[in-house]
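A.B. asks: So I've got this file, structure.cif, and it contains mmCIF, C-alpha atoms and all ligand atoms:
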```cif
data_entry
#
loop_
_atom_site.label_atom_id
_atom_site.label_comp_id
_atom_site.auth_asym_id
_atom_site.auth_seq_id
_atom_site.Cartn_x
_atom_site.Cartn_y
_atom_site.Cartn_z
CA MET A 1 61.50 74.12 22.55
CA SER A 2 59.21 76.72 24.03
CA ALA A 3 60.50 80.15 23.14
CA PRO A 4 58.94 83.35 24.46
CA ARG A 5 56.75 85.42 22.21
CA LEU A 6 56.79 89.14 22.98
CA GLN A 7 54.70 90.75 20.29
CA GLY A 8 52.13 92.67 22.28
CA ARG A 9 52.45 95.79 24.43
CA GLU A 10 55.60 94.62 26.25
CA GLY A 11 57.72 97.48 24.84
CA GLU A 12 55.10 100.09 25.61
CA TYR A 13 54.70 98.95 29.23
CA VAL A 14 58.44 98.62 29.87
CA ARG A 15 58.97 102.09 28.42
CA GLU A 16 56.35 103.36 30.85
CA CYS A 17 58.47 101.95 33.73
CA LEU A 18 61.55 103.70 32.38
CA GLU A 19 59.75 107.00 31.87
CA THR A 20 58.17 106.99 35.34
CA ASN A 21 61.32 105.63 37.04
CA TRP A 22 59.34 102.74 38.63
CA VAL A 23 61.71 99.92 37.78
CA SER A 24 62.23 98.08 41.04
CA SER A 25 60.24 95.83 43.36
CA ALA A 26 57.32 98.19 43.83
CA GLY A 27 55.17 99.96 41.28
CA PRO A 28 51.83 99.98 39.54
CA PHE A 29 52.54 97.06 37.23
CA VAL A 30 53.26 94.72 40.15
CA ASP A 31 49.85 95.51 41.67
CA ARG A 32 48.14 95.29 38.30
CA PHE A 33 49.77 91.96 37.41
CA GLU A 34 48.69 90.48 40.73
CA ARG A 35 45.16 91.86 40.31
CA GLU A 36 44.77 90.60 36.75
CA PHE A 37 46.21 87.21 37.64
CA CYS A 38 43.67 86.88 40.47
CA ALA A 39 40.86 87.91 38.16
CA TYR A 40 41.86 85.36 35.54
CA LEU A 41 42.01 82.50 38.03
CA GLY A 42 39.13 83.63 40.19
CA ALA A 43 41.46 83.58 43.22
CA ARG A 44 41.39 86.09 46.07
CA TYR A 45 45.08 86.79 46.65
CA ALA A 46 48.24 86.68 44.58
CA VAL A 47 51.84 87.44 45.53
CA ALA A 48 54.21 88.08 42.62
CA THR A 49 57.65 86.59 43.16
CA ALA A 50 61.12 86.58 41.63
CA SER A 51 60.67 83.00 40.36
CA GLY A 52 58.32 80.04 40.45
CA THR A 53 60.72 78.31 42.81
CA ALA A 54 60.53 81.29 45.19
CA ALA A 55 56.73 81.05 45.06
CA LEU A 56 56.94 77.37 46.07
CA HIS A 57 59.35 78.19 48.88
CA LEU A 58 57.03 80.91 50.19
CA ALA A 59 53.96 78.67 49.98
CA LEU A 60 55.67 75.98 52.05
CA LEU A 61 56.93 78.53 54.59
CA ALA A 62 53.56 80.27 54.84
CA ALA A 63 51.80 76.91 55.25
CA GLY A 64 54.03 76.26 58.25
CA ILE A 65 55.98 73.27 56.90
CA GLN A 66 58.78 72.67 59.42
CA PRO A 67 62.30 71.23 59.29
CA GLY A 68 62.07 67.44 59.47
CA ASP A 69 58.53 67.29 58.05
CA GLU A 70 57.75 65.32 54.91
CA VAL A 71 55.98 66.49 51.76
CA LEU A 72 54.65 64.17 49.04
CA VAL A 73 56.09 65.16 45.65
CA PRO A 74 55.76 63.36 42.30
CA ALA A 75 58.90 61.53 41.19
CA LEU A 76 58.33 62.61 37.61
CA SER A 77 58.80 66.38 37.70
CA PHE A 78 61.23 69.21 37.20
CA ILE A 79 63.34 69.39 40.36
CA ALA A 80 62.09 72.77 41.66
CA PRO A 81 59.32 71.52 44.01
CA ALA A 82 61.67 68.98 45.65
CA ASN A 83 64.31 71.68 46.10
CA ALA A 84 61.76 74.04 47.68
CA VAL A 85 60.86 71.30 50.17
CA ARG A 86 64.54 71.07 51.14
CA TYR A 87 64.81 74.88 51.49
CA VAL A 88 62.43 74.71 54.47
CA GLY A 89 64.41 71.79 55.93
CA ALA A 90 61.64 69.31 55.11
CA TRP A 91 62.02 66.10 53.07
CA PRO A 92 60.27 65.02 49.90
CA VAL A 93 58.62 61.59 49.72
CA PHE A 94 58.59 60.66 46.05
CA ILE A 95 55.36 59.23 44.66
CA ASP A 96 55.26 57.41 41.35
CA ALA A 97 53.32 58.56 38.29
CA GLU A 98 50.17 56.87 37.05
CA PRO A 99 50.80 55.28 33.66
CA GLU A 100 47.96 56.91 31.73
CA PHE A 101 48.63 60.64 32.05
CA TRP A 102 52.00 60.55 33.86
CA GLN A 103 50.76 62.63 36.80
CA MET A 104 51.24 61.92 40.52
CA ASP A 105 49.29 58.72 41.18
CA PRO A 106 46.52 59.41 43.75
CA ALA A 107 46.09 55.67 44.42
CA LEU A 108 49.73 55.50 45.52
CA VAL A 109 49.28 58.61 47.68
CA TRP A 110 46.36 56.90 49.45
CA ASP A 111 48.33 53.70 49.69
CA PHE A 112 51.29 55.47 51.27
CA LEU A 113 49.13 57.38 53.76
CA ARG A 114 47.15 54.31 54.76
CA ARG A 115 49.82 51.62 54.80
CA ASP A 116 53.16 53.31 55.35
CA CYS A 117 52.04 55.93 57.89
CA SER A 118 50.53 55.74 61.34
CA ARG A 119 49.09 58.25 63.79
CA ARG A 120 51.11 58.98 66.89
CA ARG A 121 49.93 61.61 69.35
CA GLY A 122 47.79 63.22 66.69
CA ARG A 123 50.63 63.31 64.15
CA LEU A 124 50.84 61.37 60.93
CA ILE A 125 54.21 59.60 60.90
CA ASN A 126 55.98 57.86 58.00
CA GLN A 127 56.95 54.59 59.69
CA ALA A 128 59.99 54.11 57.47
CA THR A 129 61.62 57.44 58.40
CA GLY A 130 59.90 58.42 61.64
CA ARG A 131 59.21 61.85 60.09
CA ARG A 132 55.93 63.73 60.24
CA VAL A 133 53.95 63.90 56.97
CA ARG A 134 52.54 67.39 56.48
CA ALA A 135 51.69 68.17 52.87
CA ILE A 136 50.97 66.96 49.34
CA LEU A 137 52.52 68.91 46.48
CA PRO A 138 51.21 67.65 43.12
CA VAL A 139 52.68 69.06 39.92
CA HIS A 140 50.44 69.62 36.90
CA LEU A 141 52.93 68.12 34.51
CA LEU A 142 53.58 69.40 30.97
CA GLY A 143 50.31 71.35 30.86
CA HIS A 144 48.11 68.45 31.98
CA PRO A 145 46.31 68.60 35.34
CA ALA A 146 46.93 66.06 38.07
CA ASP A 147 43.84 64.12 39.22
CA MET A 148 42.96 66.52 42.04
CA ASP A 149 39.73 65.14 43.57
CA PRO A 150 41.30 62.06 45.23
CA LEU A 151 44.27 64.19 46.31
CA ARG A 152 41.94 66.78 47.86
CA GLU A 153 40.08 64.00 49.62
CA ALA A 154 43.36 62.53 50.95
CA ALA A 155 44.49 65.95 52.19
CA ARG A 156 41.17 66.43 53.95
CA LYS A 157 41.08 62.99 55.53
CA PHE A 158 44.71 62.99 56.71
CA GLU A 159 44.76 66.72 57.60
CA LEU A 160 47.52 67.60 55.17
CA VAL A 161 48.20 70.85 53.38
CA LEU A 162 47.63 70.63 49.63
CA ILE A 163 49.78 72.91 47.43
CA GLU A 164 49.67 72.85 43.62
CA ASP A 165 52.73 73.35 41.46
CA ALA A 166 51.01 74.79 38.41
CA ALA A 167 54.21 76.26 36.93
CA GLU A 168 53.80 74.40 33.63
CA SER A 169 50.04 74.57 33.42
CA LEU A 170 48.61 78.08 33.55
CA GLY A 171 45.23 77.86 31.80
CA ALA A 172 44.81 74.08 32.17
CA ARG A 173 41.46 72.87 33.50
CA TYR A 174 40.49 70.04 35.82
CA LYS A 175 36.80 69.11 35.47
CA GLY A 176 36.20 72.58 34.08
CA ARG A 177 38.06 74.42 36.84
CA LEU A 178 41.34 76.21 36.28
CA VAL A 179 44.32 74.60 37.97
CA GLY A 180 45.75 76.79 40.69
CA THR A 181 42.35 77.15 42.37
CA LEU A 182 42.05 73.59 43.65
CA SER A 183 44.19 73.75 46.79
CA GLU A 184 45.34 75.85 49.72
CA ALA A 185 47.99 77.61 47.62
CA ALA A 186 49.24 77.29 44.05
CA CYS A 187 52.45 78.37 42.38
CA PHE A 188 53.13 79.56 38.84
CA SER A 189 56.31 80.35 36.91
CA PHE A 190 57.00 83.00 34.28
CA ASN A 191 60.37 81.66 33.24
CA GLY A 192 61.23 82.20 29.57
CA ASN A 193 59.91 78.81 28.47
CA LYS A 194 56.53 78.93 30.23
CA VAL A 195 53.16 79.80 28.64
CA ILE A 196 53.65 83.47 29.52
CA THR A 197 56.93 84.99 30.63
CA THR A 198 58.34 87.91 32.56
CA GLY A 199 61.92 86.87 31.80
CA GLY A 200 61.99 85.30 35.23
CA GLY A 201 59.23 85.39 37.80
CA GLY A 202 56.48 83.57 39.59
CA MET A 203 53.21 83.92 41.47
CA MET A 204 51.71 82.34 44.54
CA VAL A 205 47.91 82.40 44.67
CA THR A 206 45.58 81.49 47.50
CA ASN A 207 42.14 82.22 48.89
CA ASN A 208 43.55 82.24 52.41
CA GLU A 209 44.15 85.81 53.55
CA GLU A 210 46.52 84.88 56.37
CA LEU A 211 48.59 82.69 54.06
CA SER A 212 48.91 85.46 51.46
CA ARG A 213 49.79 88.03 54.13
CA ARG A 214 52.47 85.75 55.53
CA ALA A 215 53.93 84.96 52.07
CA ARG A 216 54.07 88.65 51.15
CA TYR A 217 55.71 89.49 54.48
CA LEU A 218 58.38 86.82 54.07
CA SER A 219 58.99 87.89 50.45
CA THR A 220 60.00 91.40 51.54
CA GLN A 221 62.65 90.55 54.17
CA ALA A 222 59.95 90.17 56.85
CA LYS A 223 59.93 93.91 57.39
CA ASP A 224 57.79 94.79 60.41
CA ASP A 225 58.49 98.48 60.59
CA PRO A 226 59.17 100.04 57.19
CA ALA A 227 60.27 103.35 58.73
CA GLU A 228 62.69 102.02 61.33
CA TYR A 229 63.64 98.78 59.53
CA ILE A 230 62.76 96.45 62.36
CA HIS A 231 62.52 92.74 61.52
CA HIS A 232 61.32 90.01 63.87
CA GLU A 233 62.18 87.15 61.55
CA VAL A 234 64.61 86.15 58.83
CA GLY A 235 62.88 86.93 55.54
CA TYR A 236 63.71 86.78 51.85
CA ASN A 237 64.10 89.14 48.92
CA TYR A 238 61.65 87.39 46.63
CA ARG A 239 59.63 90.19 45.06
CA LEU A 240 59.07 90.62 41.33
CA THR A 241 60.21 93.96 39.88
CA ASN A 242 57.92 96.47 38.21
CA LEU A 243 59.88 96.00 34.95
CA GLN A 244 59.15 92.27 34.99
CA ALA A 245 55.53 92.81 36.01
CA ALA A 246 55.17 95.18 33.03
CA LEU A 247 56.09 92.24 30.80
CA GLY A 248 53.64 90.10 32.76
CA CYS A 249 50.74 92.50 32.17
CA ALA A 250 51.44 92.56 28.43
CA GLN A 251 51.73 88.76 28.36
CA MET A 252 48.42 88.32 30.21
CA GLU A 253 46.74 90.15 27.32
CA LYS A 254 48.06 87.37 25.04
CA LEU A 255 47.41 84.40 27.29
CA ALA A 256 44.31 83.18 25.44
CA GLU A 257 46.19 83.41 22.15
CA HIS A 258 49.18 81.51 23.53
CA LEU A 259 46.93 78.77 24.89
CA ALA A 260 45.09 78.44 21.59
CA ALA A 261 48.43 78.20 19.74
CA LYS A 262 49.69 75.44 22.06
CA ARG A 263 46.50 73.45 21.62
CA ARG A 264 46.68 73.85 17.84
CA LEU A 265 50.27 72.57 17.85
CA ALA A 266 49.23 69.57 19.92
CA GLU A 267 46.34 68.77 17.60
CA ASN A 268 48.61 68.98 14.57
CA TYR A 269 51.19 66.70 16.16
CA ARG A 270 48.48 64.25 17.20
CA ALA A 271 46.88 64.13 13.77
CA GLY A 272 50.15 64.25 11.86
CA LEU A 273 51.87 61.42 13.75
CA ALA A 274 48.90 59.16 14.48
CA ASP A 275 49.91 56.58 11.86
CA VAL A 276 53.60 56.32 12.84
CA PRO A 277 54.13 52.99 14.59
CA GLY A 278 55.82 53.19 17.97
CA LEU A 279 55.02 56.84 18.67
CA ALA A 280 52.35 57.67 21.23
CA GLY A 281 51.41 61.30 21.86
CA MET A 282 50.70 62.58 25.32
CA PRO A 283 47.12 61.60 26.16
CA GLU A 284 44.51 63.96 27.61
CA ALA A 285 42.22 62.68 30.34
CA PRO A 286 38.45 62.98 29.72
CA TRP A 287 38.27 65.24 32.80
CA ALA A 288 41.15 67.42 31.65
CA LYS A 289 41.83 70.31 29.37
CA SER A 290 45.58 70.30 28.87
CA THR A 291 47.56 73.27 27.64
CA SER A 292 50.14 70.96 26.05
CA TRP A 293 52.92 73.17 27.37
CA LEU A 294 55.52 70.80 25.90
CA TYR A 295 54.07 68.29 23.47
CA THR A 296 55.67 65.02 24.51
CA LEU A 297 55.86 61.65 22.77
CA ARG A 298 56.58 58.22 24.07
CA VAL A 299 58.90 56.33 21.76
CA ASP A 300 58.53 52.55 21.79
CA GLU A 301 61.98 51.48 20.68
CA GLU A 302 60.91 48.14 19.27
CA ALA A 303 57.93 49.39 17.28
CA PHE A 304 59.53 52.63 16.14
CA GLY A 305 62.92 51.14 15.39
CA LEU A 306 64.87 53.68 17.48
CA GLY A 307 64.93 54.65 21.11
CA ARG A 308 64.35 58.21 22.25
CA ARG A 309 68.08 58.96 22.67
CA GLU A 310 68.91 58.00 19.11
CA LEU A 311 65.82 59.80 17.83
CA GLN A 312 66.88 62.94 19.70
CA ARG A 313 70.36 62.66 18.15
CA ARG A 314 68.99 62.31 14.63
CA LEU A 315 66.58 65.20 15.03
CA ALA A 316 69.42 67.35 16.37
CA GLY A 317 71.27 66.46 13.16
CA ALA A 318 68.31 67.89 11.23
CA GLY A 319 68.54 71.10 13.26
CA ILE A 320 65.60 70.27 15.55
CA GLN A 321 65.88 70.67 19.29
CA THR A 322 63.99 68.14 21.40
CA ARG A 323 64.48 67.09 24.99
CA PRO A 324 63.86 64.19 27.33
CA LEU A 325 61.91 64.55 30.57
CA TRP A 326 63.75 65.14 33.84
CA GLN A 327 65.58 62.38 35.65
CA PRO A 328 62.98 60.97 38.05
CA LEU A 329 63.63 62.58 41.41
CA HIS A 330 63.90 59.37 43.44
CA LEU A 331 67.04 58.68 41.34
CA SER A 332 68.44 62.19 41.73
CA PRO A 333 71.79 62.39 43.54
CA ALA A 334 70.58 65.77 44.85
CA HIS A 335 67.77 64.10 46.79
CA GLN A 336 69.36 60.93 48.09
CA GLY A 337 68.07 61.51 51.62
CA ALA A 338 64.43 61.37 50.50
CA TRP A 339 62.27 58.30 50.89
CA SER A 340 60.30 56.52 48.21
CA ARG A 341 58.88 53.10 47.63
CA GLY A 342 60.32 52.96 44.13
CA CYS A 343 58.83 54.59 41.05
CA PRO A 344 58.89 52.19 38.08
CA VAL A 345 56.30 54.11 36.03
CA ALA A 346 58.29 57.34 36.25
CA GLU A 347 61.40 55.44 35.14
CA LYS A 348 59.61 53.89 32.17
CA VAL A 349 58.04 57.18 31.01
CA TRP A 350 61.41 58.90 31.42
CA ALA A 351 63.13 56.21 29.34
CA GLU A 352 60.69 56.71 26.46
CA ALA A 353 59.61 60.34 26.50
CA LEU A 354 60.78 63.05 24.17
CA SER A 355 59.36 66.58 24.10
CA LEU A 356 58.97 68.21 20.69
CA PRO A 357 59.29 71.87 19.69
CA SER A 358 56.27 73.59 21.23
CA SER A 359 56.87 77.32 20.88
CA VAL A 360 53.78 79.48 20.62
CA GLY A 361 55.35 81.04 17.54
CA LEU A 362 56.26 77.75 15.78
CA SER A 363 55.11 78.12 12.16
CA PRO A 364 53.02 75.43 10.43
CA ARG A 365 55.91 74.97 8.01
CA ASP A 366 58.44 74.38 10.80
CA GLN A 367 56.05 72.02 12.54
CA ALA A 368 55.57 70.06 9.31
CA TYR A 369 59.37 69.86 8.99
CA VAL A 370 59.60 68.44 12.52
CA MET A 371 57.06 65.75 11.66
CA GLU A 372 58.73 64.91 8.33
CA SER A 373 62.06 64.61 10.12
CA LEU A 374 60.51 62.31 12.71
CA ARG A 375 59.32 60.00 9.96
CA ALA A 376 62.63 60.21 8.12
CA ALA A 377 64.57 59.38 11.30
CA ARG A 378 63.22 55.83 11.19
CA GLY A 379 65.24 55.33 8.02
C1 LIG B 401 59.36 75.95 35.75
C2 LIG B 401 58.95 75.18 36.92
C3 LIG B 401 59.02 75.69 38.23
C4 LIG B 401 59.55 77.03 38.63
O1 LIG B 401 60.57 77.46 37.89
P1 LIG B 401 61.28 78.89 38.01
O2 LIG B 401 62.32 78.75 36.95
O3 LIG B 401 61.85 78.99 39.38
O4 LIG B 401 60.31 79.97 37.72
C5 LIG B 401 58.52 74.91 39.26
N1 LIG B 401 58.00 73.71 39.03
C6 LIG B 401 57.91 73.18 37.81
C7 LIG B 401 57.25 71.85 37.65
C8 LIG B 401 58.40 73.88 36.71
O5 LIG B 401 58.32 73.33 35.49
#
```
Please express the file's structure as structure tokens.

C.D. replies:
Amino acid sequence: MSAPRLQGREGEYVRECLETNWVSSAGPFVDRFEREFCAYLGARYAVATASGTAALHLALLAAGIQPGDEVLVPALSFIAPANAVRYVGAWPVFIDAEPEFWQMDPALVWDFLRRDCSRRRGRLINQATGRRVRAILPVHLLGHPADMDPLREAARKFELVLIEDAAESLGARYKGRLVGTLSEAACFSFNGNKVITTGGGGMMVTNNEELSRRARYLSTQAKDDPAEYIHHEVGYNYRLTNLQAALGCAQMEKLAEHLAAKRRLAENYRAGLADVPGLAGMPEAPWAKSTSWLYTLRVDEEAFGLGRRELQRRLAGAGIQTRPLWQPLHLSPAHQGAWSRGCPVAEKVWAEALSLPSSVGLSPRDQAYVMESLRAARG
């Protein structure tokens, strides 16, 4: 679906780790990866982490989200941000997607904050649960940015922390600005299927010095005295290793190439499937530059002649891996205790969506075969 491509200086940099014996959670590549990541985004601080999920957990901890608080999370997303909210003892409130670009719907965020919440002793309370609302955590889904301006405005007006989950969208732009620079803190993932990979890994970025200091501290077992091993708090072992950061530095050198390849794939799919009835490619907002991390179709069963499940089965028969989106989180048995008003758009997109092979290294021939097989699947 989205396989890693490791054809740059990965081997050379990893060998350097082996030769210098710097393989663990400190070393020059960790510092360099953080520095180069900051430079790319134009952010002040970056903390490299063992995973994207760990970065989300640290961001929520460092932002002071407390047990029993609530955090607004899109219903249509990979489960990691909702899980991270639970790790700090807080609860997600699931917000539906907007139908055009499938991102967290800012109108529904405003609606929730205005109509479902009230101020009590200076705190914003969800009237349905009695819990305090503290943060908004939009996800830039599938490489496409969420509509950040109205979310930023809501965070400002209601005094909420805004944290971006940019795990799928490194390099995507919102009104010309890179995602990951539009909030208090942003999180990235370098899992094997992301735009660049370190095998496993993540990054939290922020312009807030105190927040970055706190995240770094918590990521290293909250060590207060490195000589005597004195800890005043329970911390975590969330640091990225030098070996992984070596991969990250080599991958950063290829980021522009990877992004160009993903956009080319998306353009080919768009052009090549435009005339197939019942298939709609993922749209790009006029204010967005998507990275098309996973190129995703909506399959209209009536017009296409097959639903997405049957299409997926037939493509698998032709040796082509595709995948649906994630079960919307308001339906997830893992998050039954979370509140939502219902998310019909997320359910509809989920019912119809199918992601196509989107590897940076997918050859034009293989992509043509995918498109031929899509046409042939109609029978
Ligand atoms: C990949 C991903 C993450 C983090 O994943 P890790 O595997 O922990 O690095 C977080 N959020 C979203 C939306 C993701 O797609």

A.B. asks: Which residues are near ligand LIG 401 (chain B) - at most 6 Å, using all atoms listed in the file? Format: as a short mmCIF file (atom, residue, chain, number, x, y, z; two decimals) with C-alpha atoms, in the coordinates of the input.

C.D. replies:
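Result file follows (pocket12.cif):
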```cif
data_model
loop_
_atom_site.label_atom_id
_atom_site.label_comp_id
_atom_site.auth_asym_id
_atom_site.auth_seq_id
_atom_site.Cartn_x
_atom_site.Cartn_y
_atom_site.Cartn_z
CA SER A 51 60.67 83.00 40.36
CA GLY A 52 58.32 80.04 40.45
CA THR A 53 60.72 78.31 42.81
CA SER A 77 58.80 66.38 37.70
CA PHE A 78 61.23 69.21 37.20
CA ALA A 80 62.09 72.77 41.66
CA PRO A 81 59.32 71.52 44.01
CA VAL A 139 52.68 69.06 39.92
CA ASP A 165 52.73 73.35 41.46
CA ALA A 167 54.21 76.26 36.93
CA GLU A 168 53.80 74.40 33.63
CA SER A 189 56.31 80.35 36.91
CA PHE A 190 57.00 83.00 34.28
CA ASN A 191 60.37 81.66 33.24
CA GLY A 201 59.23 85.39 37.80
CA GLY A 202 56.48 83.57 39.59
#
```

A.B. asks: Of the candidates A:His232, A:Arg378, A:His335, A:His330, which one gets nearest to Asn83 of chain A if we count all atoms listed in the file?

C.D. replies: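 Among the listed residues, the smallest separation from Asn83 of chain A belongs to A:His335.
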
A.B. asks: For Pro283 of chain A, which of A:Gln103, A:Lys157, A:Val30, A:Trp91 is the closest residue, counting only C-alpha atoms?

C.D. replies: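 Counting only C-alpha atoms, the residue closest to Pro283 of chain A is A:Gln103.
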
A.B. asks: For Pro328 of chain A, work out the shell of residues within 12 Å, counting only C-alpha atoms and skipping chain neighbours fewer than 4 positions away, then give it as a compact mmCIF listing (two decimals) with C-alpha atoms, in the coordinates of the input.

C.D. replies:
```txt
# COMPACT_ATOMS: atom_id res chain seq x y z
CA VAL A 73 56.09 65.16 45.65
CA PRO A 74 55.76 63.36 42.30
CA ALA A 75 58.90 61.53 41.19
CA LEU A 76 58.33 62.61 37.61
CA SER A 77 58.80 66.38 37.70
CA PHE A 78 61.23 69.21 37.20
CA ILE A 79 63.34 69.39 40.36
CA ALA A 82 61.67 68.98 45.65
CA PHE A 94 58.59 60.66 46.05
CA ILE A 95 55.36 59.23 44.66
CA ASP A 96 55.26 57.41 41.35
CA ALA A 97 53.32 58.56 38.29
CA TRP A 102 52.00 60.55 33.86
CA PRO A 324 63.86 64.19 27.33
CA SER A 332 68.44 62.19 41.73
CA PRO A 333 71.79 62.39 43.54
CA ALA A 334 70.58 65.77 44.85
CA HIS A 335 67.77 64.10 46.79
CA GLN A 336 69.36 60.93 48.09
CA SER A 340 60.30 56.52 48.21
CA GLY A 342 60.32 52.96 44.13
CA CYS A 343 58.83 54.59 41.05
CA PRO A 344 58.89 52.19 38.08
CA VAL A 345 56.30 54.11 36.03
CA ALA A 346 58.29 57.34 36.25
CA GLU A 347 61.40 55.44 35.14
CA LYS A 348 59.61 53.89 32.17
CA VAL A 349 58.04 57.18 31.01
CA TRP A 350 61.41 58.90 31.42
CA ALA A 351 63.13 56.21 29.34
```

A.B. asks: Hey, what's within 10 Å of Arg309 of chain A if we count all atoms listed in the file and toss same-chain stuff fewer than 2 positions away? As a list in words, please?

C.D. replies: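 The residues that qualify are Val299, Glu301, Leu306, Gly307, Leu311, Gln312, Arg313, Arg314, Leu315, Arg323, Pro324, Ala351, Glu352, Ala353 and Leu354 of chain A.
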
A.B. asks: So that I can check the surroundings of Ala285 of chain A, please list as JSON, numbers by chain every protein, DNA and RNA residue that reaches within 10 Å of it, counting all atoms listed in the file and ignoring chain neighbours fewer than 3 positions away.

C.D. replies: {"A": [100, 101, 144, 145, 146, 147, 174, 175, 282, 288, 289, 290]}

A.B. asks: Determine the nearest neighbour of Arg216 of chain A from the options A:Tyr229, A:Trp326, A:Tyr236, A:Trp293, counting all atoms listed in the file.

C.D. replies: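 For Arg216 of chain A, the nearest of the given residues is A:Tyr236.
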
A.B. asks: Sorted by chain and rising residue number, list the residues of segment 120-146 of chain A at most 12 Å from segment 55-61 of chain A (counting all atoms listed in the file), each with its closest atom pair and distance in Å to one decimal, as a tab-separated table.

C.D. replies:
```
residue	atom	partner	partner_atom	distance
A:Arg134	CA	A:Leu60	CA	10.2
A:Ala135	CA	A:Leu60	CA	8.8
A:Ile136	CA	A:Leu60	CA	10.5
A:Leu137	CA	A:Leu60	CA	9.5
A:Pro138	CA	A:Leu56	CA	11.7
A:Val139	CA	A:Leu56	CA	11.2
```

A.B. asks: What does the distance between atom CA of Val276 of chain A and atom CA of Gly143 of chain A come to in Å, to one decimal place?

C.D. replies: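 Separating atom CA of Val276 of chain A from atom CA of Gly143 of chain A is a distance of 23.7 Å.
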